[in-house]
$ cat entry-v3.txt   # compact mmCIF, C-alpha atoms
# COMPACT_ATOMS: atom_id res chain seq x y z
CA MET Q 191 262.56 150.00 -5.75
CA THR Q 192 259.99 147.19 -6.00
CA THR Q 193 259.37 144.48 -8.55
CA THR Q 194 256.12 142.60 -9.03
CA ALA Q 195 255.73 138.82 -9.00
CA GLY Q 196 252.62 136.65 -9.25
CA ALA Q 197 249.68 136.27 -6.86
CA GLY Q 198 249.96 139.80 -5.45
CA THR Q 199 253.57 139.39 -4.38
CA VAL Q 200 256.05 142.23 -4.75
CA PHE Q 201 259.76 142.24 -3.96
CA ALA Q 202 261.27 145.25 -2.23
CA ASN Q 203 264.92 145.96 -2.99
CA LEU Q 204 266.72 147.80 -0.22
CA HIS Q 205 270.04 148.14 1.56
CA ALA Q 206 270.16 147.19 5.25
CA ARG Q 207 272.30 145.10 7.58
CA GLY Q 208 275.28 146.07 5.41
CA ARG Q 209 273.98 144.33 2.27
CA ASP Q 210 271.49 144.56 -0.56
CA LEU Q 211 268.30 142.68 0.27
CA ARG Q 212 265.31 141.54 -1.77
CA LEU Q 213 262.33 141.05 0.54
CA GLU Q 214 259.12 139.23 -0.34
CA CYS Q 215 256.04 141.36 0.41
CA GLN Q 216 252.27 141.17 -0.06
CA TRP Q 217 249.78 144.01 0.23
CA ILE Q 218 246.29 143.35 1.59
CA ALA Q 219 243.40 145.53 0.38
CA PRO Q 220 245.62 148.36 -0.92
CA GLU Q 221 242.49 149.98 -2.34
CA ARG Q 222 241.61 151.03 1.23
CA ALA Q 223 244.07 153.88 0.79
CA ASP Q 224 242.77 155.96 3.71
CA ALA Q 225 242.38 153.05 6.13
CA PRO Q 226 244.89 152.22 8.90
CA LEU Q 227 247.83 150.05 7.86
CA ILE Q 228 248.68 146.88 9.81
CA VAL Q 229 252.20 145.51 9.29
CA PHE Q 230 252.50 141.81 10.12
CA LEU Q 231 255.82 140.58 11.55
CA HIS Q 232 256.23 136.81 11.50
CA GLU Q 233 257.63 134.35 14.02
CA GLY Q 234 261.15 132.90 14.08
CA LEU Q 235 260.32 130.27 11.46
CA GLY Q 236 257.60 132.20 9.65
CA SER Q 237 257.14 133.74 6.22
CA VAL Q 238 254.49 135.39 4.06
CA SER Q 239 252.96 132.04 3.11
CA MET Q 240 252.92 130.65 6.66
CA TRP Q 241 250.41 133.32 7.72
CA LYS Q 242 247.94 131.79 5.21
CA ASP Q 243 244.77 133.92 5.09
CA TRP Q 244 244.86 135.14 8.68
CA PRO Q 245 246.15 138.70 7.96
CA THR Q 246 243.39 139.10 5.37
CA ARG Q 247 240.81 138.05 7.96
CA VAL Q 248 242.14 140.64 10.39
CA CYS Q 249 242.19 143.42 7.81
CA ASP Q 250 238.67 142.61 6.63
CA GLU Q 251 237.32 142.57 10.19
CA ALA Q 252 239.11 145.82 11.10
CA GLY Q 253 238.50 147.58 7.77
CA CYS Q 254 242.25 148.04 7.33
CA ARG Q 255 244.89 147.52 4.70
CA GLY Q 256 247.84 145.30 5.46
CA LEU Q 257 251.45 144.57 4.65
CA VAL Q 258 252.96 141.12 5.12
CA TYR Q 259 256.63 140.43 4.42
CA SER Q 260 259.27 137.75 4.86
CA ARG Q 261 262.36 138.87 6.73
CA TYR Q 262 265.88 138.40 5.44
CA GLY Q 263 266.57 134.65 5.53
CA TYR Q 264 262.92 133.61 5.28
CA GLY Q 265 260.26 132.79 2.71
CA GLN Q 266 261.25 133.91 -0.77
CA SER Q 267 263.39 136.78 0.52
CA THR Q 268 267.17 136.87 0.25
CA ALA Q 269 268.54 133.78 1.97
CA ARG Q 270 271.03 134.05 4.80
CA PRO Q 271 274.35 132.42 3.86
CA LEU Q 272 274.86 129.39 6.09
CA SER Q 273 278.27 130.82 7.05
CA GLU Q 274 276.57 133.89 8.55
CA ALA Q 275 275.28 133.50 12.11
CA TRP Q 276 272.74 135.85 13.63
CA ALA Q 277 274.23 137.99 16.41
CA PRO Q 278 272.39 138.44 19.73
CA ASP Q 279 271.14 141.85 18.55
CA PHE Q 280 269.48 140.45 15.41
CA MET Q 281 265.99 141.52 16.48
CA HIS Q 282 267.20 145.03 17.32
CA ARG Q 283 268.71 145.33 13.85
CA GLU Q 284 265.52 144.12 12.21
CA ALA Q 285 263.48 146.71 14.13
CA GLN Q 286 265.89 149.63 13.82
CA GLU Q 287 267.42 149.07 10.36
CA VAL Q 288 265.46 146.72 8.11
CA LEU Q 289 261.84 147.61 8.90
CA PRO Q 290 262.34 151.40 8.54
CA ALA Q 291 264.20 150.86 5.26
CA LEU Q 292 261.46 148.56 3.97
CA LEU Q 293 258.68 151.00 4.80
CA GLU Q 294 260.56 153.81 3.07
CA VAL Q 295 261.13 151.77 -0.10
CA LEU Q 296 257.44 150.83 -0.16
CA GLY Q 297 256.40 154.46 0.10
CA VAL Q 298 255.05 154.30 3.65
CA ASP Q 299 255.69 157.51 5.59
CA ALA Q 300 255.60 155.98 9.04
CA ARG Q 301 255.54 159.29 10.92
CA ARG Q 302 252.56 160.44 8.88
CA ASP Q 303 250.70 157.15 8.41
CA LYS Q 304 251.61 155.62 11.79
CA PRO Q 305 251.14 151.91 11.07
CA VAL Q 306 249.93 149.36 13.57
CA LEU Q 307 252.37 146.51 14.07
CA PHE Q 308 251.16 142.95 14.67
CA GLY Q 309 254.09 140.74 15.64
CA HIS Q 310 254.13 137.07 16.59
CA SER Q 311 256.90 135.55 18.75
CA ASP Q 312 260.23 137.00 17.50
CA GLY Q 313 258.09 139.32 15.38
CA GLY Q 314 256.36 140.53 18.54
CA SER Q 315 259.71 141.41 20.06
CA ILE Q 316 260.69 143.23 16.86
CA ALA Q 317 257.42 145.19 16.95
CA LEU Q 318 258.09 146.28 20.53
CA LEU Q 319 261.66 147.28 19.69
CA TYR Q 320 260.48 149.33 16.71
CA ALA Q 321 257.90 151.14 18.85
CA ALA Q 322 260.59 151.88 21.45
CA ALA Q 323 263.02 153.23 18.85
CA TYR Q 324 260.45 155.21 16.84
CA PRO Q 325 257.69 156.21 19.28
CA ASP Q 326 256.33 158.85 16.86
CA ALA Q 327 256.11 156.41 13.93
CA VAL Q 328 253.64 153.80 15.16
CA ALA Q 329 249.98 153.98 16.21
CA GLY Q 330 249.86 150.78 18.22
CA VAL Q 331 251.47 147.39 18.77
CA VAL Q 332 249.86 143.99 19.05
CA ALA Q 333 252.47 141.59 20.42
CA ALA Q 334 251.40 137.94 20.32
CA ALA Q 335 253.59 135.55 22.34
CA PRO Q 336 256.53 137.98 22.31
CA HIS Q 337 259.86 137.40 24.01
CA LEU Q 338 261.30 139.93 26.47
CA PHE Q 339 264.04 137.67 27.81
CA VAL Q 340 265.21 134.08 27.47
CA GLU Q 341 263.56 131.49 29.71
CA ASP Q 342 264.48 127.86 30.35
CA VAL Q 343 261.18 126.76 28.80
CA SER Q 344 262.09 128.60 25.60
CA VAL Q 345 265.49 126.93 25.34
CA THR Q 346 264.02 123.50 26.05
CA SER Q 347 261.36 123.83 23.35
CA ILE Q 348 263.83 125.21 20.81
CA ALA Q 349 266.20 122.32 21.50
CA GLN Q 350 263.28 119.94 20.90
CA ALA Q 351 262.61 121.71 17.60
CA ARG Q 352 266.22 120.99 16.56
CA THR Q 353 265.68 117.29 17.19
CA ALA Q 354 262.41 117.37 15.24
CA TYR Q 355 264.08 119.14 12.31
CA LEU Q 356 266.77 116.46 12.13
CA GLU Q 357 264.61 113.41 12.81
CA SER Q 358 261.02 114.10 11.69
CA ASP Q 359 259.18 115.62 8.73
CA LEU Q 360 259.51 119.16 10.15
CA ARG Q 361 262.16 120.10 7.59
CA ALA Q 362 259.95 118.97 4.71
CA ARG Q 363 256.96 120.85 6.06
CA LEU Q 364 258.94 124.08 6.52
CA ALA Q 365 260.50 123.70 3.07
CA ARG Q 366 257.09 124.47 1.54
CA HIS Q 367 257.39 128.02 2.90
CA HIS Q 368 261.09 128.88 2.50
CA ARG Q 369 263.27 129.07 -0.58
CA ASP Q 370 266.23 127.99 1.59
CA VAL Q 371 264.78 126.11 4.55
CA ASP Q 372 268.17 125.48 6.19
CA SER Q 373 268.90 129.20 6.11
CA ALA Q 374 265.63 129.91 7.90
CA PHE Q 375 265.79 127.12 10.47
CA TRP Q 376 269.43 127.20 11.51
CA GLY Q 377 269.57 130.99 11.68
CA TRP Q 378 266.76 130.94 14.24
CA ASN Q 379 267.73 127.77 16.09
CA ASP Q 380 271.44 128.45 16.41
CA ILE Q 381 271.10 131.93 17.92
CA TRP Q 382 268.42 130.91 20.41
CA LEU Q 383 270.59 128.00 21.62
CA ASN Q 384 273.79 130.07 21.68
CA PRO Q 385 274.91 130.49 25.33
CA GLU Q 386 275.67 134.16 24.63
CA PHE Q 387 272.00 134.73 23.86
CA ARG Q 388 270.90 133.79 27.38
CA ALA Q 389 271.64 137.37 28.49
CA TRP Q 390 269.40 138.91 25.80
CA ASN Q 391 266.74 141.13 27.39
CA ILE Q 392 264.62 144.00 26.01
CA GLU Q 393 262.71 145.00 29.16
CA ASP Q 394 264.45 148.36 29.57
CA ALA Q 395 263.50 149.39 26.02
CA LEU Q 396 259.80 149.00 26.77
CA GLU Q 397 259.72 152.16 28.88
CA ARG Q 398 260.22 154.22 25.70
CA ILE Q 399 257.03 152.92 24.06
CA ALA Q 400 254.41 155.68 23.90
CA CYS Q 401 251.63 154.00 21.88
CA PRO Q 402 248.91 151.63 23.09
CA VAL Q 403 249.93 147.96 23.29
CA LEU Q 404 247.85 144.79 23.21
CA ALA Q 405 249.90 141.88 24.55
CA ILE Q 406 248.47 138.44 23.78
CA GLN Q 407 249.66 135.07 25.05
CA GLY Q 408 248.29 131.59 25.31
CA ILE Q 409 248.16 130.23 28.83
CA ASP Q 410 249.62 126.97 27.50
CA ASP Q 411 252.46 128.64 25.55
CA GLU Q 412 255.26 126.08 25.25
CA TYR Q 413 257.88 128.73 24.46
CA GLY Q 414 257.39 131.16 27.34
CA THR Q 415 255.61 131.90 30.59
CA LEU Q 416 253.04 134.63 31.13
CA GLU Q 417 255.83 136.76 32.60
CA GLN Q 418 256.66 137.67 29.00
CA VAL Q 419 253.45 139.67 28.49
CA ARG Q 420 253.00 140.72 32.11
CA GLY Q 421 256.47 142.21 31.96
CA ILE Q 422 255.35 144.47 29.14
CA ARG Q 423 252.60 146.01 31.26
CA ARG Q 424 254.98 146.60 34.16
CA ARG Q 425 257.26 148.66 31.90
CA ALA Q 426 254.54 150.13 29.64
CA PRO Q 427 251.41 150.55 31.81
CA GLN Q 428 249.24 151.49 28.81
CA THR Q 429 249.41 147.81 27.84
CA GLU Q 430 246.25 145.70 27.71
CA LEU Q 431 246.73 141.99 28.41
CA LEU Q 432 244.86 139.16 26.73
CA GLU Q 433 245.75 135.77 28.23
CA ILE Q 434 243.91 133.04 26.32
CA PRO Q 435 243.07 129.59 27.75
CA ASP Q 436 243.42 126.44 25.64
CA CYS Q 437 246.05 128.24 23.59
CA GLY Q 438 249.73 127.61 22.91
CA HIS Q 439 252.48 129.67 21.30
CA SER Q 440 250.47 130.66 18.21
CA PRO Q 441 247.30 132.44 19.39
CA HIS Q 442 246.31 133.43 15.85
CA ARG Q 443 246.29 129.74 14.86
CA ASP Q 444 245.05 128.19 18.10
CA GLN Q 445 242.25 130.71 18.78
CA PRO Q 446 241.91 132.66 15.51
CA ALA Q 447 238.45 134.14 16.03
CA THR Q 448 239.33 135.45 19.50
CA VAL Q 449 242.48 137.13 18.22
CA VAL Q 450 240.85 138.56 15.08
CA GLN Q 451 238.14 140.19 17.18
CA ALA Q 452 240.63 141.50 19.75
CA VAL Q 453 242.87 143.05 17.08
CA ALA Q 454 239.92 144.63 15.24
CA ARG Q 455 238.64 146.16 18.48
CA PHE Q 456 242.11 147.39 19.43
CA VAL Q 457 242.74 148.99 16.03
CA GLY Q 458 239.28 150.54 15.98
CA ALA Q 459 239.92 152.29 19.29
CA LEU Q 460 243.22 153.86 18.22
CA GLU Q 461 243.49 157.57 17.52
CA LYS Q 462 243.62 158.11 13.78
CA PRO Q 463 246.83 159.66 12.30
CA GLY Q 464 246.75 163.36 11.48
$ encode --input "entry-v3.txt" --output "structure tokens"
Amino acid sequence: MTTTAGAGTVFANLHARGRDLRLECQWIAPERADAPLIVFLHEGLGSVSMWKDWPTRVCDEAGCRGLVYSRYGYGQSTARPLSEAWAPDFMHREAQEVLPALLEVLGVDARRDKPVLFGHSDGGSIALLYAAAYPDAVAGVVAAAPHLFVEDVSVTSIAQARTAYLESDLRARLARHHRDVDSAFWGWNDIWLNPEFRAWNIEDALERIACPVLAIQGIDDEYGTLEQVRGIRRRAPQTELLEIPDCGHSPHRDQPATVVQAVARFVGALEKPG
């Protein structure tokens, strides 16, 4: 079931992760009913509002419709209780439980419509895990600055983010985008700095991906080395790499025109469902 809010926002009510969830969603150009659907999966501190107008730019350039949503614990979606810690498999559960349930509630038949997934950072990992679990229910994956495994550079930068959250205006800036900013920040920060998470690795899952993949990373990414995207191509040889100079961890913000054009070209080359 969905309920409608203002400014094109709808809330999807579903049951996943052992609880009832209310997830904030926005449709882009739903009138393009026969066009490909791009589902946008945000980063570890992201939300619907943090994308700003970038998904709309992509959909307009590619002639697509889009779906943007805030995961459990983010944006205006159901907040994560502070007593609940993410487990090391939290991205697997998002890919294998929450995203399929969300698409079903929203009336998207993934095996018929075969959406394209655009995921950034943690969202990129979730997109890859979804494509591995449901190879017949996705047309293509664009993974921007995804994580395949935990690197020292990732842990260092995430520890620096903790300091910034406690000592700078980072908390105030993030609070503009999250109903419960502490739920969003500490859920992400605590699991990534948990020693048990150092063993997290999704490389083996990549061999089950059947669709085309575009893997994008900034050469100056402060959260991971280029081994993250190059590792995708080793396991899924149908992967195209786009390594962008003068670009950090957020290619769609650092080099927006380059990424918009790359995604539009990638989507345009995909085989149409049916």
$ residues_around --input "entry-v3.txt" --residues "Val340 of chain Q" --least-positions-apart "6" --cutoff "12 Å" --atoms "only C-alpha atoms" --output "list of chain:residue names"
Q:Pro278, Q:Asp312, Q:Ser315, Q:Thr346, Q:Ser347, Q:Ile348, Q:Ile381, Q:Trp382, Q:Leu383, Q:Asn384, Q:Pro385, Q:Glu386, Q:Phe387, Q:Arg388, Q:Ala389, Q:Trp390, Q:Asn391, Q:Ile392, Q:Glu393, Q:Tyr413, Q:Gly414, Q:Thr415, Q:Glu417, Q:Gln418
$ closest_residue --input "entry-v3.txt" --among "Q:Gly314, Q:Gly458, Q:Gly256, Q:Pro446" --to "Ala219 of chain Q" --atoms "all atoms listed in the file"
Q:Gly256
$ axis_aligned_box --input "entry-v3.txt" --around "segment 434-450 of chain Q" --padding-each-side "5 Å" --output "lines of an AutoDock Vina configuration file"
center_x = 245.5
center_y = 132.5
center_z = 21.3
size_x = 24.0
size_y = 22.1
size_z = 22.9
$ atom_distance --input "entry-v3.txt" --atom1 "atom CA of Ala354 of chain Q" --atom2 "atom CA of Gln407 of chain Q"
23.9 Å
$ atom_distance --input "entry-v3.txt" --atom1 "atom CA of Ala333 of chain Q" --atom2 "atom CA of Ala349 of chain Q"
23.7 Å
$ closest_residue --input "entry-v3.txt" --among "Q:Ala223, Q:Ala252, Q:Leu211, Q:Leu235" --to "Trp376 of chain Q" --atoms "only C-alpha atoms"
Q:Leu235
$ residues_around --input "entry-v3.txt" --residues "Arg301 of chain Q" --least-positions-apart "4" --cutoff "8 Å" --atoms "all atoms listed in the file" --output "PyMOL selection string"
chain Q and resi 326-328
$ atom_distance --input "entry-v3.txt" --atom1 "atom CA of Pro271 of chain Q" --atom2 "atom CA of His310 of chain Q"
24.3 Å
$ residues_near_point --input "entry-v3.txt" --point "(267.6, 146.8, 16.6)" --cutoff "12 Å" --atoms "all atoms listed in the file" --output "list of chain:residue names"
Q:Ala206, Q:Arg207, Q:Ala277, Q:Pro278, Q:Asp279, Q:Phe280, Q:Met281, Q:His282, Q:Arg283, Q:Glu284, Q:Ala285, Q:Gln286, Q:Glu287, Q:Val288, Q:Leu289, Q:Pro290, Q:Ser315, Q:Ile316, Q:Ala317, Q:Leu318, Q:Leu319, Q:Tyr320, Q:Ala321, Q:Ala322, Q:Ala323, Q:Tyr324, Q:Ile392, Q:Ala395
$ residues_around --input "entry-v3.txt" --residues "Ala459 of chain Q" --least-positions-apart "2" --cutoff "12 Å" --atoms "all atoms listed in the file" --output "MDAnalysis selection string"
chainID Q and resid 226 252 306 329:330 402:404 452:457 461:462
$ write_last_selection --input "entry-v3.txt" --atoms "C-alpha atoms" --output "mmCIF file, keeping the file's coordinate frame"
data_model
loop_
_atom_site.group_PDB
_atom_site.id
_atom_site.type_symbol
_atom_site.label_atom_id
_atom_site.label_comp_id
_atom_site.auth_asym_id
_atom_site.auth_seq_id
_atom_site.Cartn_x
_atom_site.Cartn_y
_atom_site.Cartn_z
ATOM 1 C CA PRO Q 226 244.890 152.220 8.900
ATOM 2 C CA ALA Q 252 239.110 145.820 11.100
ATOM 3 C CA VAL Q 306 249.930 149.360 13.570
ATOM 4 C CA ALA Q 329 249.980 153.980 16.210
ATOM 5 C CA GLY Q 330 249.860 150.780 18.220
ATOM 6 C CA PRO Q 402 248.910 151.630 23.090
ATOM 7 C CA VAL Q 403 249.930 147.960 23.290
ATOM 8 C CA LEU Q 404 247.850 144.790 23.210
ATOM 9 C CA ALA Q 452 240.630 141.500 19.750
ATOM 10 C CA VAL Q 453 242.870 143.050 17.080
ATOM 11 C CA ALA Q 454 239.920 144.630 15.240
ATOM 12 C CA ARG Q 455 238.640 146.160 18.480
ATOM 13 C CA PHE Q 456 242.110 147.390 19.430
ATOM 14 C CA VAL Q 457 242.740 148.990 16.030
ATOM 15 C CA GLU Q 461 243.490 157.570 17.520
ATOM 16 C CA LYS Q 462 243.620 158.110 13.780
#
$ closest_residue --input "entry-v3.txt" --among "Q:Trp378, Q:His337, Q:Ile228, Q:Arg247" --to "Thr448 of chain Q" --atoms "only C-alpha atoms"
Q:Arg247
$ closest_residue --input "entry-v3.txt" --among "Q:Asn203, Q:Asp370, Q:Glu433, Q:Gly234" --to "Leu293 of chain Q" --atoms "only C-alpha atoms"
Q:Asn203
$ decode --input "entry-v3.txt" --residues "segment 286-311 of chain Q" --atoms "N, CA and C atoms" --output "JSON list (two decimals), in the first residue's frame"
[["chain", "number", "residue", "atom", "x", "y", "z"],
["Q", 286, "GLN", "N", 18.15, -8.27, -0.87],
["Q", 286, "GLN", "CA", 17.40, -9.52, -1.03],
["Q", 286, "GLN", "C", 16.02, -9.51, -0.38],
["Q", 287, "GLU", "N", 15.78, -8.57, 0.56],
["Q", 287, "GLU", "CA", 14.50, -8.52, 1.25],
["Q", 287, "GLU", "C", 13.75, -7.21, 0.97],
["Q", 288, "VAL", "N", 14.40, -6.08, 1.26],
["Q", 288, "VAL", "CA", 13.66, -4.81, 1.23],
["Q", 288, "VAL", "C", 13.38, -4.35, -0.20],
["Q", 289, "LEU", "N", 14.37, -4.34, -1.06],
["Q", 289, "LEU", "CA", 14.16, -3.84, -2.41],
["Q", 289, "LEU", "C", 13.12, -4.67, -3.17],
["Q", 290, "PRO", "N", 13.15, -6.00, -3.14],
["Q", 290, "PRO", "CA", 12.08, -6.76, -3.81],
["Q", 290, "PRO", "C", 10.70, -6.46, -3.24],
["Q", 291, "ALA", "N", 10.61, -6.33, -1.92],
["Q", 291, "ALA", "CA", 9.32, -6.02, -1.31],
["Q", 291, "ALA", "C", 8.83, -4.63, -1.72],
["Q", 292, "LEU", "N", 9.74, -3.68, -1.80],
["Q", 292, "LEU", "CA", 9.36, -2.32, -2.20],
["Q", 292, "LEU", "C", 8.85, -2.31, -3.63],
["Q", 293, "LEU", "N", 9.57, -2.95, -4.53],
["Q", 293, "LEU", "CA", 9.13, -2.96, -5.93],
["Q", 293, "LEU", "C", 7.76, -3.61, -6.06],
["Q", 294, "GLU", "N", 7.53, -4.67, -5.33],
["Q", 294, "GLU", "CA", 6.22, -5.34, -5.40],
["Q", 294, "GLU", "C", 5.10, -4.42, -4.92],
["Q", 295, "VAL", "N", 5.32, -3.75, -3.79],
["Q", 295, "VAL", "CA", 4.30, -2.85, -3.25],
["Q", 295, "VAL", "C", 4.01, -1.70, -4.22],
["Q", 296, "LEU", "N", 5.03, -1.25, -4.92],
["Q", 296, "LEU", "CA", 4.86, -0.15, -5.86],
["Q", 296, "LEU", "C", 4.34, -0.59, -7.22],
["Q", 297, "GLY", "N", 4.07, -1.87, -7.37],
["Q", 297, "GLY", "CA", 3.50, -2.37, -8.61],
["Q", 297, "GLY", "C", 4.50, -2.59, -9.73],
["Q", 298, "VAL", "N", 5.77, -2.71, -9.40],
["Q", 298, "VAL", "CA", 6.81, -2.97, -10.39],
["Q", 298, "VAL", "C", 7.04, -4.48, -10.47],
["Q", 299, "ASP", "N", 6.75, -5.05, -11.62],
["Q", 299, "ASP", "CA", 7.04, -6.47, -11.87],
["Q", 299, "ASP", "C", 8.47, -6.55, -12.40],
["Q", 300, "ALA", "N", 9.40, -6.82, -11.50],
["Q", 300, "ALA", "CA", 10.81, -6.71, -11.88],
["Q", 300, "ALA", "C", 11.21, -7.71, -12.95],
["Q", 301, "ARG", "N", 10.61, -8.88, -12.95],
["Q", 301, "ARG", "CA", 10.98, -9.88, -13.97],
["Q", 301, "ARG", "C", 10.42, -9.51, -15.34],
["Q", 302, "ARG", "N", 9.35, -8.76, -15.36],
["Q", 302, "ARG", "CA", 8.80, -8.29, -16.64],
["Q", 302, "ARG", "C", 9.45, -6.98, -17.06],
["Q", 303, "ASP", "N", 9.51, -6.03, -16.14],
["Q", 303, "ASP", "CA", 9.98, -4.68, -16.46],
["Q", 303, "ASP", "C", 11.49, -4.53, -16.43],
["Q", 304, "LYS", "N", 12.17, -5.41, -15.69],
["Q", 304, "LYS", "CA", 13.63, -5.42, -15.62],
["Q", 304, "LYS", "C", 14.22, -4.02, -15.44],
["Q", 305, "PRO", "N", 14.14, -3.47, -14.24],
["Q", 305, "PRO", "CA", 14.70, -2.14, -14.02],
["Q", 305, "PRO", "C", 16.21, -2.10, -14.16],
["Q", 306, "VAL", "N", 16.72, -0.91, -14.37],
["Q", 306, "VAL", "CA", 18.15, -0.63, -14.27],
["Q", 306, "VAL", "C", 18.39, -0.07, -12.88],
["Q", 307, "LEU", "N", 19.42, -0.53, -12.22],
["Q", 307, "LEU", "CA", 19.76, -0.04, -10.89],
["Q", 307, "LEU", "C", 20.97, 0.87, -10.97],
["Q", 308, "PHE", "N", 20.83, 2.09, -10.44],
["Q", 308, "PHE", "CA", 21.97, 2.99, -10.26],
["Q", 308, "PHE", "C", 22.22, 3.10, -8.76],
["Q", 309, "GLY", "N", 23.36, 2.60, -8.30],
["Q", 309, "GLY", "CA", 23.68, 2.65, -6.88],
["Q", 309, "GLY", "C", 24.98, 3.37, -6.63],
["Q", 310, "HIS", "N", 24.98, 4.21, -5.58],
["Q", 310, "HIS", "CA", 26.19, 4.95, -5.21],
["Q", 310, "HIS", "C", 26.69, 4.44, -3.87],
["Q", 311, "SER", "N", 27.99, 4.11, -3.80],
["Q", 311, "SER", "CA", 28.65, 3.69, -2.56],
["Q", 311, "SER", "C", 27.96, 2.45, -1.99]]
